[in-house]
Structure formats: C-alpha cells, structure tokens
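Peer 1: Coordinates in entry_27.txt, compact mmCIF, C-alpha atoms and all ligand atoms, are listed below.
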# COMPACT_ATOMS: atom_id res chain seq x y z
CA MET A 1 -37.60 -8.92 48.27
CA SER A 2 -35.43 -5.99 47.50
CA ARG A 3 -33.07 -5.73 44.57
CA VAL A 4 -30.21 -3.27 44.29
CA TYR A 5 -28.78 -1.60 41.22
CA ASN A 6 -25.82 -3.87 40.57
CA PHE A 7 -22.99 -2.20 38.63
CA SER A 8 -20.69 -5.23 38.86
CA ALA A 9 -18.34 -5.88 35.93
CA GLY A 10 -19.09 -9.59 36.11
CA PRO A 11 -20.81 -11.76 37.10
CA ALA A 12 -23.30 -9.03 36.50
CA VAL A 13 -26.91 -7.95 36.44
CA LEU A 14 -29.38 -10.12 34.51
CA PRO A 15 -32.86 -9.15 33.33
CA GLU A 16 -35.31 -9.51 36.20
CA GLU A 17 -37.88 -11.11 33.89
CA VAL A 18 -35.40 -13.85 33.05
CA LEU A 19 -34.65 -14.55 36.70
CA GLN A 20 -38.35 -14.64 37.50
CA GLU A 21 -39.06 -17.08 34.67
CA ALA A 22 -36.20 -19.31 35.78
CA ALA A 23 -37.59 -19.20 39.32
CA ASP A 24 -41.05 -20.17 38.07
CA GLU A 25 -39.56 -23.12 36.17
CA MET A 26 -37.16 -24.16 38.90
CA LEU A 27 -39.02 -27.17 40.31
CA ASP A 28 -40.91 -28.28 37.24
CA TYR A 29 -39.64 -27.25 33.83
CA ARG A 30 -42.70 -27.12 31.59
CA GLY A 31 -44.35 -30.29 32.82
CA THR A 32 -41.22 -32.45 32.91
CA GLY A 33 -41.50 -32.69 36.69
CA MET A 34 -37.86 -31.72 37.13
CA SER A 35 -35.54 -28.76 37.10
CA VAL A 36 -33.36 -28.09 34.02
CA MET A 37 -30.48 -28.67 36.45
CA GLU A 38 -31.62 -32.25 36.99
CA MET A 39 -32.28 -33.11 33.39
CA SER A 40 -30.25 -35.30 31.03
CA HIS A 41 -28.42 -33.20 28.48
CA ARG A 42 -29.48 -35.88 25.96
CA SER A 43 -33.19 -35.48 26.75
CA LYS A 44 -35.73 -34.13 24.29
CA ALA A 45 -36.49 -31.19 26.56
CA TYR A 46 -32.83 -30.21 26.80
CA GLU A 47 -32.25 -30.62 23.11
CA GLU A 48 -34.98 -28.06 22.52
CA ILE A 49 -33.33 -25.70 24.99
CA ILE A 50 -29.89 -25.80 23.39
CA THR A 51 -31.02 -25.79 19.76
CA GLY A 52 -33.47 -22.99 20.55
CA ALA A 53 -30.72 -20.97 22.22
CA GLU A 54 -28.46 -21.38 19.21
CA ALA A 55 -31.22 -20.46 16.75
CA ASP A 56 -32.09 -17.31 18.72
CA LEU A 57 -28.45 -16.26 18.98
CA ARG A 58 -28.02 -16.79 15.22
CA GLU A 59 -31.05 -14.64 14.56
CA LEU A 60 -29.97 -11.87 16.96
CA MET A 61 -26.43 -11.60 15.57
CA GLY A 62 -27.22 -12.55 11.98
CA ILE A 63 -24.65 -15.34 12.14
CA PRO A 64 -24.02 -16.72 8.64
CA ASP A 65 -24.39 -20.46 7.92
CA ASN A 66 -20.64 -20.91 7.47
CA TYR A 67 -20.06 -20.11 11.15
CA LYS A 68 -20.55 -22.57 13.99
CA VAL A 69 -21.81 -21.58 17.41
CA LEU A 70 -20.19 -23.50 20.27
CA PHE A 71 -21.27 -23.42 23.90
CA LEU A 72 -18.14 -24.33 25.84
CA GLN A 73 -16.75 -24.24 29.36
CA GLY A 74 -13.66 -22.82 31.00
CA GLY A 75 -14.65 -19.18 30.70
CA ALA A 76 -13.06 -16.70 28.35
CA SER A 77 -9.67 -17.52 29.85
CA GLN A 78 -9.73 -21.07 28.49
CA GLN A 79 -9.92 -19.57 25.00
CA PHE A 80 -6.60 -17.83 25.58
CA ALA A 81 -5.02 -21.28 25.09
CA MET A 82 -7.60 -22.90 22.84
CA ILE A 83 -7.22 -20.23 20.16
CA PRO A 84 -3.48 -20.70 19.59
CA MET A 85 -3.73 -24.48 19.96
CA ASN A 86 -6.24 -24.59 17.13
CA LEU A 87 -5.14 -21.71 14.90
CA MET A 88 -1.36 -21.37 15.18
CA LYS A 89 -0.40 -23.33 12.07
CA ASN A 90 2.67 -21.09 11.51
CA ARG A 91 3.21 -20.75 15.24
CA THR A 92 2.95 -16.98 14.93
CA ALA A 93 0.25 -14.53 15.93
CA ASP A 94 -0.15 -10.78 16.35
CA TYR A 95 -1.72 -9.32 19.49
CA ILE A 96 -2.92 -5.79 20.16
CA ILE A 97 -2.56 -5.05 23.84
CA THR A 98 -5.33 -2.83 25.15
CA GLY A 99 -5.57 -4.12 28.71
CA GLN A 100 -5.17 -7.00 31.13
CA TRP A 101 -7.28 -9.45 29.16
CA ALA A 102 -5.41 -8.99 25.89
CA LYS A 103 -2.15 -9.11 27.83
CA LYS A 104 -3.10 -12.39 29.48
CA ALA A 105 -4.21 -13.85 26.16
CA ALA A 106 -0.87 -12.90 24.59
CA GLN A 107 1.09 -14.41 27.48
CA GLU A 108 -0.82 -17.67 27.14
CA ALA A 109 -0.36 -17.80 23.37
CA GLU A 110 3.37 -17.40 23.90
CA LYS A 111 3.42 -20.94 25.28
CA TYR A 112 2.58 -22.20 21.81
CA GLY A 113 4.38 -19.93 19.40
CA LYS A 114 5.75 -16.52 18.59
CA VAL A 115 3.63 -13.61 19.70
CA ASN A 116 4.14 -10.18 18.15
CA ARG A 117 2.68 -7.34 20.14
CA ILE A 118 1.99 -5.05 17.20
CA ALA A 119 0.35 -2.25 19.19
CA SER A 120 -0.29 -1.37 22.80
CA SER A 121 -1.83 1.35 24.92
CA GLU A 122 0.01 0.36 28.06
CA ASP A 123 1.96 3.68 27.98
CA GLN A 124 -1.20 5.55 29.05
CA THR A 125 -2.63 2.92 31.43
CA TYR A 126 -4.78 1.54 28.59
CA SER A 127 -6.94 4.66 28.50
CA TYR A 128 -7.22 4.63 24.70
CA ILE A 129 -7.32 2.32 21.68
CA PRO A 130 -4.22 2.57 19.49
CA ASP A 131 -4.54 3.64 15.86
CA CYS A 132 -4.99 0.31 14.09
CA SER A 133 -5.32 1.53 10.52
CA ASP A 134 -1.81 0.62 9.40
CA LEU A 135 -0.17 -1.81 11.81
CA PRO A 136 2.96 -3.86 11.13
CA VAL A 137 0.93 -7.07 10.73
CA SER A 138 3.32 -10.02 10.49
CA GLU A 139 3.69 -11.72 7.12
CA ASP A 140 3.19 -15.18 8.62
CA ALA A 141 0.69 -14.34 11.39
CA ASP A 142 -1.98 -16.99 11.77
CA TYR A 143 -4.33 -14.37 13.18
CA VAL A 144 -4.58 -10.91 14.73
CA TYR A 145 -6.04 -10.89 18.22
CA ILE A 146 -7.97 -8.14 19.99
CA CYS A 147 -10.01 -7.68 23.14
CA GLU A 148 -12.81 -5.60 21.66
CA ASN A 149 -14.21 -4.08 24.83
CA ASN A 150 -11.80 -3.62 27.71
CA THR A 151 -13.83 -4.37 30.80
CA ILE A 152 -11.27 -3.05 33.27
CA TYR A 153 -10.23 0.16 31.49
CA GLY A 154 -13.51 1.04 29.79
CA THR A 155 -12.30 1.33 26.20
CA LYS A 156 -13.87 -0.13 23.08
CA TYR A 157 -12.76 -0.48 19.47
CA HIS A 158 -15.32 1.58 17.57
CA GLU A 159 -13.59 0.50 14.39
CA LEU A 160 -11.99 -2.90 13.94
CA PRO A 161 -8.25 -3.02 13.14
CA ASN A 162 -7.03 -3.29 9.59
CA THR A 163 -5.58 -6.81 9.73
CA LYS A 164 -4.30 -6.62 6.14
CA GLY A 165 -6.13 -9.77 5.19
CA LYS A 166 -5.22 -11.78 8.27
CA LEU A 167 -7.84 -13.52 10.34
CA LEU A 168 -9.32 -11.42 13.16
CA VAL A 169 -9.97 -13.09 16.52
CA ALA A 170 -11.88 -11.06 19.11
CA ASP A 171 -12.76 -11.43 22.77
CA VAL A 172 -16.14 -9.69 23.13
CA SER A 173 -16.93 -10.91 26.66
CA SER A 174 -18.00 -7.51 27.94
CA CYS A 175 -19.77 -6.17 24.82
CA PHE A 176 -21.48 -9.36 23.65
CA LEU A 177 -24.93 -8.53 22.21
CA SER A 178 -24.68 -4.88 23.26
CA GLU A 179 -24.98 -3.71 19.65
CA PRO A 180 -25.24 -5.21 16.15
CA VAL A 181 -22.09 -6.87 14.82
CA ASP A 182 -20.90 -8.05 11.41
CA VAL A 183 -19.77 -11.59 12.19
CA THR A 184 -18.20 -11.99 8.73
CA LYS A 185 -15.39 -9.62 9.80
CA TYR A 186 -14.08 -12.20 12.28
CA GLY A 187 -12.55 -15.63 12.12
CA ILE A 188 -13.50 -16.21 15.73
CA VAL A 189 -15.61 -13.99 17.95
CA TYR A 190 -16.05 -15.27 21.47
CA GLY A 191 -16.90 -14.31 24.99
CA GLY A 192 -17.55 -15.50 28.50
CA VAL A 193 -21.25 -14.96 29.17
CA GLN A 194 -21.13 -13.68 32.76
CA LYS A 195 -20.76 -10.06 31.69
CA ASN A 196 -23.74 -9.49 29.46
CA ILE A 197 -25.60 -12.76 28.90
CA GLY A 198 -25.79 -15.33 31.67
CA PRO A 199 -24.18 -17.24 34.53
CA ALA A 200 -20.41 -17.72 34.71
CA GLY A 201 -19.02 -20.94 33.32
CA VAL A 202 -20.30 -20.72 29.76
CA VAL A 203 -18.21 -19.31 26.94
CA ILE A 204 -19.73 -18.86 23.50
CA VAL A 205 -17.43 -19.29 20.52
CA ILE A 206 -18.59 -18.25 17.06
CA ILE A 207 -16.09 -19.68 14.60
CA ARG A 208 -15.83 -19.78 10.81
CA GLU A 209 -16.20 -23.34 9.61
CA ASP A 210 -12.95 -23.57 7.67
CA LEU A 211 -11.02 -22.90 10.90
CA ILE A 212 -12.40 -26.06 12.48
CA THR A 213 -9.92 -28.77 11.57
CA GLU A 214 -8.06 -31.75 12.95
CA ASP A 215 -4.84 -29.95 12.14
CA VAL A 216 -4.19 -28.58 15.61
CA LEU A 217 -0.95 -28.29 17.57
CA PRO A 218 0.46 -31.66 18.71
CA GLY A 219 -0.73 -32.57 22.18
CA THR A 220 -3.91 -30.47 22.03
CA PRO A 221 -6.42 -32.17 24.33
CA THR A 222 -9.61 -33.52 22.78
CA MET A 223 -11.62 -31.15 24.95
CA LEU A 224 -9.63 -28.16 23.65
CA THR A 225 -10.13 -28.98 19.99
CA TYR A 226 -12.91 -26.96 18.36
CA LYS A 227 -13.71 -29.86 16.03
CA THR A 228 -14.67 -32.09 18.97
CA HIS A 229 -17.38 -29.67 20.03
CA ALA A 230 -18.45 -28.62 16.54
CA ASP A 231 -18.98 -32.25 15.47
CA ALA A 232 -20.99 -32.98 18.62
CA LYS A 233 -23.04 -29.75 18.48
CA SER A 234 -21.65 -28.70 21.88
CA LEU A 235 -22.77 -32.02 23.42
CA TYR A 236 -19.50 -33.97 23.30
CA ASN A 237 -19.61 -34.15 27.07
CA THR A 238 -22.06 -32.71 29.58
CA PRO A 239 -22.25 -29.02 28.72
CA PRO A 240 -22.86 -26.29 31.34
CA ALA A 241 -26.50 -27.15 30.84
CA TYR A 242 -28.22 -24.81 33.27
CA GLY A 243 -26.06 -21.87 32.20
CA ILE A 244 -26.94 -22.40 28.55
CA TYR A 245 -30.62 -22.52 29.51
CA ILE A 246 -30.33 -19.08 31.14
CA CYS A 247 -28.41 -17.73 28.12
CA GLY A 248 -31.29 -18.96 25.96
CA LYS A 249 -33.75 -17.03 28.09
CA VAL A 250 -31.65 -13.88 27.74
CA PHE A 251 -31.62 -14.32 23.94
CA GLN A 252 -35.43 -14.54 24.06
CA TRP A 253 -35.53 -11.41 26.19
CA LEU A 254 -33.27 -9.57 23.74
CA LYS A 255 -35.52 -10.57 20.85
CA LYS A 256 -38.56 -9.36 22.75
CA MET A 257 -36.80 -6.05 23.47
CA GLY A 258 -36.42 -5.57 19.72
CA GLY A 259 -32.98 -7.01 19.01
CA LEU A 260 -29.50 -5.55 18.93
CA GLU A 261 -30.32 -2.26 17.14
CA VAL A 262 -32.69 -1.42 19.96
CA MET A 263 -30.18 -2.56 22.59
CA LYS A 264 -27.57 -0.29 21.03
CA GLU A 265 -29.91 2.71 21.24
CA ARG A 266 -30.75 1.91 24.85
CA ASN A 267 -27.10 1.42 25.74
CA GLU A 268 -26.10 4.68 24.04
CA LYS A 269 -28.78 6.55 25.93
CA LYS A 270 -27.68 5.09 29.27
CA ALA A 271 -23.98 5.71 28.64
CA LYS A 272 -24.63 9.27 27.44
CA LEU A 273 -26.39 10.12 30.67
CA LEU A 274 -23.36 9.08 32.68
CA TYR A 275 -20.66 10.45 30.34
CA ASP A 276 -22.45 13.80 29.99
CA PHE A 277 -22.50 14.08 33.75
CA LEU A 278 -18.81 13.15 34.03
CA ASP A 279 -17.86 15.70 31.35
CA GLN A 280 -19.30 18.61 33.31
CA SER A 281 -18.62 17.38 36.83
CA ARG A 282 -16.21 19.35 39.00
CA LEU A 283 -15.52 16.35 41.24
CA PHE A 284 -15.65 13.24 39.07
CA LYS A 285 -13.62 12.59 35.97
CA GLY A 286 -13.86 9.85 33.33
CA THR A 287 -10.51 8.13 32.71
CA VAL A 288 -10.90 7.21 29.03
CA VAL A 289 -10.19 9.21 25.88
CA PRO A 290 -13.73 10.21 24.79
CA LYS A 291 -13.58 8.71 21.29
CA ASP A 292 -12.69 5.27 22.66
CA ARG A 293 -15.24 5.10 25.46
CA SER A 294 -17.11 1.87 26.09
CA LEU A 295 -20.89 1.76 26.29
CA MET A 296 -20.62 -1.00 28.87
CA ASN A 297 -17.90 -0.17 31.41
CA VAL A 298 -17.43 3.37 32.65
CA PRO A 299 -14.42 4.00 34.91
CA PHE A 300 -14.14 7.31 36.77
CA VAL A 301 -12.20 8.88 39.63
CA THR A 302 -12.29 11.86 41.95
CA GLY A 303 -8.49 12.01 42.06
CA ASP A 304 -8.51 11.34 45.81
CA ALA A 305 -8.34 7.67 46.83
CA ASP A 306 -9.95 8.26 50.24
CA LEU A 307 -12.85 10.14 48.68
CA ASP A 308 -13.24 7.35 46.09
CA ALA A 309 -13.48 4.80 48.88
CA ARG A 310 -16.06 6.88 50.71
CA PHE A 311 -18.08 7.28 47.51
CA VAL A 312 -18.17 3.52 46.96
CA LYS A 313 -19.23 2.94 50.56
CA GLU A 314 -21.97 5.57 50.58
CA ALA A 315 -23.24 4.47 47.17
CA LYS A 316 -23.58 0.95 48.49
CA ALA A 317 -25.61 2.18 51.42
CA ALA A 318 -27.87 3.92 48.88
CA GLY A 319 -28.49 0.66 46.98
CA LEU A 320 -25.89 1.24 44.24
CA GLU A 321 -23.60 -1.78 44.46
CA ASN A 322 -20.24 -2.86 43.11
CA LEU A 323 -18.96 0.52 41.98
CA LYS A 324 -15.40 -0.07 43.12
CA GLY A 325 -12.89 0.04 40.24
CA HIS A 326 -10.78 -2.99 39.35
CA ARG A 327 -8.11 -3.71 41.93
CA THR A 328 -5.40 -2.86 39.38
CA VAL A 329 -6.71 0.65 38.62
CA GLY A 330 -8.60 1.88 41.68
CA GLY A 331 -11.26 4.57 41.52
CA MET A 332 -14.74 3.61 40.43
CA ARG A 333 -16.27 1.69 37.57
CA ALA A 334 -19.93 1.47 36.64
CA SER A 335 -20.74 -1.47 34.40
CA ILE A 336 -23.99 -0.71 32.63
CA TYR A 337 -24.71 -3.85 30.66
CA ASN A 338 -27.87 -4.64 28.66
CA ALA A 339 -29.83 -5.61 31.76
CA MET A 340 -29.08 -2.39 33.68
CA PRO A 341 -32.22 -0.27 33.37
CA TYR A 342 -32.04 3.43 32.47
CA GLU A 343 -33.43 4.15 35.93
CA GLY A 344 -30.33 2.53 37.44
CA VAL A 345 -28.06 5.00 35.67
CA GLU A 346 -30.39 7.87 36.61
CA ALA A 347 -30.14 6.82 40.24
CA LEU A 348 -26.35 6.65 39.98
CA VAL A 349 -26.06 10.11 38.40
CA ALA A 350 -28.42 11.60 40.99
CA PHE A 351 -26.30 10.09 43.74
CA MET A 352 -23.08 11.40 42.16
CA LYS A 353 -24.58 14.91 41.96
CA LYS A 354 -25.50 14.81 45.59
CA PHE A 355 -22.10 13.47 46.59
CA GLU A 356 -20.43 16.21 44.55
CA GLU A 357 -22.44 18.94 46.26
CA GLU A 358 -21.57 17.55 49.67
CA ASN A 359 -17.87 17.16 48.96
CA LEU A 360 -16.74 20.19 47.00
C1 LIG A 401 -14.07 -11.20 32.40
C2 LIG A 401 -13.29 -11.23 31.15
C3 LIG A 401 -12.45 -12.30 30.83
C4 LIG A 401 -12.24 -13.49 31.76
O1 LIG A 401 -13.37 -14.26 31.80
P1 LIG A 401 -13.38 -15.65 32.60
O2 LIG A 401 -14.68 -16.23 32.16
O3 LIG A 401 -13.30 -15.33 34.03
O4 LIG A 401 -12.22 -16.45 32.12
C5 LIG A 401 -11.79 -12.27 29.63
N1 LIG A 401 -11.94 -11.25 28.78
C6 LIG A 401 -12.73 -10.19 29.06
C7 LIG A 401 -12.85 -9.08 28.08
C8 LIG A 401 -13.42 -10.15 30.25
O5 LIG A 401 -14.21 -9.10 30.53
Output the file's structure as structure tokens, nothing else.
Peer 2:
Amino acid sequence: MSRVYNFSAGPAVLPEEVLQEAADEMLDYRGTGMSVMEMSHRSKAYEEIITGAEADLRELMGIPDNYKVLFLQGGASQQFAMIPMNLMKNRTADYIITGQWAKKAAQEAEKYGKVNRIASSEDQTYSYIPDCSDLPVSEDADYVYICENNTIYGTKYHELPNTKGKLLVADVSSCFLSEPVDVTKYGIVYGGVQKNIGPAGVVIVIIREDLITEDVLPGTPTMLTYKTHADAKSLYNTPPAYGIYICGKVFQWLKKMGGLEVMKERNEKKAKLLYDFLDQSRLFKGTVVPKDRSLMNVPFVTGDADLDARFVKEAKAAGLENLKGHRTVGGMRASIYNAMPYEGVEALVAFMKKFEEENL
C-alpha cells in the first residue's frame, strides 16, 4: 500500500486512522455480522451510530440546545434552494458574493424571490473579502447569506458580517470543524462534508429551532422542508447511512485530537509554513490578500501557465497529488484540510523550493 499526499479540494483527504477503522469494520460491524452499508437505518446498531455522531458534533462545536443538527442529502448545492424555500417569508434575501459558490447560491435563490447582492469581490477575481462592517442590508431581508470559506479562491471571513440584526446563513463546507465557531451567531450554518469531514453525499445543516416551521414557500417538496427532517431526527427516509457513519468516526478522531482549538492551532501552523514560503518565494506567488487568507485552501501561481502545468505534473510524480487550481482560475491550489498532516505541507514546500531552484 502506498498513500500519496492528497491536496484535493474535495472529495478530499480523510484521517488514515478513520479509513483503517472503517476497513476493519467493513465485513462485520462490531459483531452484527454485517457491514454498516448493509444495515437497516432503523436498527439499534445504526441508531447508536447516528445519535452518537450527532452528540459528538454537538460537543465539538458547542451547539446549543435550541439548534437542530440535520444530516441531509443533495450536497451543499441542494441547500442553495432549500434555504430560500424555507426562509424566504418576505421573498427577499441579501447575498454577499465572494466566489462561485455564493454566486450559485444567489442565482438559485433568485428563483424564489428577490436577491440583493449587497457586496461582492468579483472586481478583483474574488481575491479578498469585502468590508462587511456597514453594508446596505435590506429592510425586509429574510436573511443575509455568505460562503464563509471560499474553496476556489482561498479566502475566508475572519470576521462575520454585520447583518444589522438580520439572520446570518453560512455555507461552511470547506472550513467545517477547522476551528472553533460560535453557532449562536448563525441562523443556519451548513456544509457538504466531502471537504473536511467525510464522503460526498452528506450535508450537515445546523439550524436554529425557531426557523423550522411549516410556513415554507408554496410547492416546497416534503423532502426539502427542514421540518420533515427535524421531526424525524434525520430518519424521515433512508439517510446517507454509510456516509454519516464515516462522519461520526471523524468526529471521534477530532475529539481524540483535542477538539477544535487544537485543530485550529494545527491548521494555523500548517498554513503558516506554506504562506511564509509563498511570501518570500521568487517564483511562486499567493493570489489572496494576506488578511483574508484561508487556512484550508491555498491558491498560488508562478505567473506562467506552462510552468504551472509542469509544476502540477512533476509534483504528482513526486507523490503530491491534486495541486491543479480550479478550472475557472488556473494556477495551483493546495487544500490542507484537517486530515492533511504537517509532514504533507513540509513535503510540498520542500518540493516547491526545489522546483524554484531548478526553474529560476
Ligand atoms: C464544494 C462546495 C460546494 C458544493 O458542494 P456539493 O456537495 O458538490 O453540492 C458548495 N459550497 C462550498 C463552499 C464548497 O466548497
């Protein structure tokens, strides 16, 4: 067996311990004589898996009792519609556009009501987070929407926007569990798990209880109503059962590592190694305004597309995989999620140094 350092933006690297444990339990989950994949989602064994996963997530994030945790399907993209369908009572919402994902979410919401784009960083290819301290928040906005960590462009809100009392809804797909978070600041905080937690197909929605109502837009499907899933404790229909099981194992791993404070320190240390190198490099250059840099996704370029392509190719041959930037931006991107070890970033920086020496 040989594993590479996988810098993919998602689906992405998972903790090796978790994969090993899942492998050990593959044929016979703890004496049940079957795989979790083969198990009824109504069984006692599965109930323990899903309730345990929720309890561990609540503990890790300090989720207050007046928030529900929902394990849903359809990825983060399904939420782009589900959020307006459930929250747009006035048929108006404010969106801050910091990249493709926020842009897509706004476009989807537009099918259901009026969308005000109250700030954007599109003018500079989304390389920064706009000043959100005094935005023209709409009087009748049902919520203010952000994408908190911009996976493609490598920016992160280090301070949440001033929503002037309006509900904040955040897509945290690519920074989920990377650092401590104050859940009480959000109405909804949600993310697809394939970036930092588990296998694609699961989306976790943490939603304040008073937002879960039957008063949704006319025509909202049962499956797209938060209340359906909240009432059934995420077991209204067959959930993405195996995916939730892996998420649960990652929550256990995070607890064992020391929780989100410790993850934040580790992530800061990893990111610093790479950013410090980029800041002094004569060949490579980070593309994000330093104060808005993400701890999770680090885009960089040489300024020469052919050289970028050669870098990605040679890095791959050296066991450093998936460093190609998003197809819409080019260059390179290293995603250094929770499960990427410090040694992986060290290996990347060493390779970049060598490549720089050979190509200057
Ligand atoms: C990957 C990603 C998405 C899309 O996730 P899907 O599960 O593929 O729908 C949405 N938002 C962010 C921030 C992402 O990184």
Peer 1: Enter the distance from atom C3 of ligand LIG 401 (chain A) to CA of Lys111 in chain A, in Å, rounded to one decimal.
Peer 2: 18.9 Å
Peer 1: Can you pull out the residues contacting Tyr95 in chain A? Cut-off 9 Å, using all atoms listed in the file, and skip same-chain residues under 5 positions away; I want them as a ChimeraX atom specification.
Peer 2: /A:102-103,105-106,115-120,143-146
Peer 1: For ligand LIG 401 (chain A), return the neighbouring residues as an MDAnalysis selection string (distance at most 9 Å; all atoms listed in the file).
Peer 2: chainID A and resid 9:11 73:80 99:102 104:105 147:152 171:175 191:195 200:203
Peer 1: What does the file look like for those residues with C-alpha atoms, as a PDB file, keeping the file's coordinate frame?
Peer 2:
ATOM      1  CA  ALA A   9     -18.340  -5.880  35.930  1.00  0.00           C
ATOM      2  CA  GLY A  10     -19.090  -9.590  36.110  1.00  0.00           C
ATOM      3  CA  PRO A  11     -20.810 -11.760  37.100  1.00  0.00           C
ATOM      4  CA  GLN A  73     -16.750 -24.240  29.360  1.00  0.00           C
ATOM      5  CA  GLY A  74     -13.660 -22.820  31.000  1.00  0.00           C
ATOM      6  CA  GLY A  75     -14.650 -19.180  30.700  1.00  0.00           C
ATOM      7  CA  ALA A  76     -13.060 -16.700  28.350  1.00  0.00           C
ATOM      8  CA  SER A  77      -9.670 -17.520  29.850  1.00  0.00           C
ATOM      9  CA  GLN A  78      -9.730 -21.070  28.490  1.00  0.00           C
ATOM     10  CA  GLN A  79      -9.920 -19.570  25.000  1.00  0.00           C
ATOM     11  CA  PHE A  80      -6.600 -17.830  25.580  1.00  0.00           C
ATOM     12  CA  GLY A  99      -5.570  -4.120  28.710  1.00  0.00           C
ATOM     13  CA  GLN A 100      -5.170  -7.000  31.130  1.00  0.00           C
ATOM     14  CA  TRP A 101      -7.280  -9.450  29.160  1.00  0.00           C
ATOM     15  CA  ALA A 102      -5.410  -8.990  25.890  1.00  0.00           C
ATOM     16  CA  LYS A 104      -3.100 -12.390  29.480  1.00  0.00           C
ATOM     17  CA  ALA A 105      -4.210 -13.850  26.160  1.00  0.00           C
ATOM     18  CA  CYS A 147     -10.010  -7.680  23.140  1.00  0.00           C
ATOM     19  CA  GLU A 148     -12.810  -5.600  21.660  1.00  0.00           C
ATOM     20  CA  ASN A 149     -14.210  -4.080  24.830  1.00  0.00           C
ATOM     21  CA  ASN A 150     -11.800  -3.620  27.710  1.00  0.00           C
ATOM     22  CA  THR A 151     -13.830  -4.370  30.800  1.00  0.00           C
ATOM     23  CA  ILE A 152     -11.270  -3.050  33.270  1.00  0.00           C
ATOM     24  CA  ASP A 171     -12.760 -11.430  22.770  1.00  0.00           C
ATOM     25  CA  VAL A 172     -16.140  -9.690  23.130  1.00  0.00           C
ATOM     26  CA  SER A 173     -16.930 -10.910  26.660  1.00  0.00           C
ATOM     27  CA  SER A 174     -18.000  -7.510  27.940  1.00  0.00           C
ATOM     28  CA  CYS A 175     -19.770  -6.170  24.820  1.00  0.00           C
ATOM     29  CA  GLY A 191     -16.900 -14.310  24.990  1.00  0.00           C
ATOM     30  CA  GLY A 192     -17.550 -15.500  28.500  1.00  0.00           C
ATOM     31  CA  VAL A 193     -21.250 -14.960  29.170  1.00  0.00           C
ATOM     32  CA  GLN A 194     -21.130 -13.680  32.760  1.00  0.00           C
ATOM     33  CA  LYS A 195     -20.760 -10.060  31.690  1.00  0.00           C
ATOM     34  CA  ALA A 200     -20.410 -17.720  34.710  1.00  0.00           C
ATOM     35  CA  GLY A 201     -19.020 -20.940  33.320  1.00  0.00           C
ATOM     36  CA  VAL A 202     -20.300 -20.720  29.760  1.00  0.00           C
ATOM     37  CA  VAL A 203     -18.210 -19.310  26.940  1.00  0.00           C
TER      38      VAL A 203
END
Peer 1: By how many Å are CA of Asp94 in chain A and CA of Ile207 in chain A apart?
Peer 2: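 Computing it gives 18.3 Å between the two atoms.
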Peer 1: Any idea what's packed within 8 Å of Met340 in chain A, counting only C-alpha atoms, ignoring anything in its chain fewer than 4 positions away? Could you give it as JSON, numbers by chain?
Peer 2: {"A": [5, 6, 7, 13, 14, 15, 336, 344, 345]}
Peer 1: Let me make sure I understand: among A:Ala339, A:Glu16, A:Thr51, A:Leu348, which one has the smallest atom-to-atom distance to Gly319 in chain A if we use all atoms listed in the file?
Peer 2: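 Going through A:Ala339, A:Glu16, A:Thr51, A:Leu348 one by one, the smallest distance to Gly319 in chain A is for A:Leu348.
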Peer 1: Determine the nearest neighbour of Ile50 in chain A from the options A:Tyr342, A:Tyr128, A:Tyr236, A:Tyr245, counting all atoms listed in the file.
Peer 2: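 Smallest distance to Ile50 in chain A is found for A:Tyr245.
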Peer 1: Report, in Å to a single decimal, how far apart CA of Met85 in chain A and CA of Gly113 in chain A are.
Peer 2: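 Going from CA of Gly113 in chain A over to CA of Met85 in chain A covers 9.3 Å.
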Peer 1: Identify which of the residues A:Ser138, A:Thr228, A:Asn237, A:Ser294 lies closest to Tyr157 in chain A, counting only C-alpha atoms when measuring atom-to-atom distances.
Peer 2: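 Answer, going by the shortest atom-to-atom distance: A:Ser294.
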Peer 1: Would you mind telling me which residue in A:Gly52, A:Pro299, A:Asn338, A:Met352 lies nearest to Ala315 in chain A when using all atoms listed in the file?
Peer 2: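 Distance minimum relative to Ala315 in chain A lands on A:Met352.
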Peer 1: For Glu314 in chain A, which residue among A:Gln107, A:Thr213, A:Gly219, A:Lys354 is the nearest when counting all atoms listed in the file?
Peer 2: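 Closest candidate: A:Lys354.
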Peer 1: Per residue of range 100-196 of chain A within 12 Å of range 252-256 of chain A, what are the shortest atom pair and its distance in Å to one decimal, counting all atoms listed in the file, with rows by chain and residue number, as a tab-separated table?
Peer 2:
residue	atom	partner	partner_atom	distance
A:Phe176	CA	A:Leu254	CA	11.8
A:Leu177	CA	A:Leu254	CA	8.5
A:Ser178	CA	A:Leu254	CA	9.8
A:Glu179	CA	A:Leu254	CA	10.9
A:Pro180	CA	A:Leu254	CA	11.9
A:Asn196	CA	A:Leu254	CA	11.1
Peer 1: Report as a Markdown table the residues of range 132-201 of chain A within 9 Å of range 270-290 of chain A, each with its shortest atom pair and distance in Å (one decimal), using all atoms listed in the file, ordered by chain and increasing residue number.
Peer 2:
| residue | atom | partner | partner_atom | distance |
| --- | --- | --- | --- | --- |
| A:Tyr153 | CA | A:Val288 | CA | 7.5 |
| A:Gly154 | CA | A:Val288 | CA | 6.7 |
| A:Thr155 | CA | A:Val288 | CA | 6.7 |
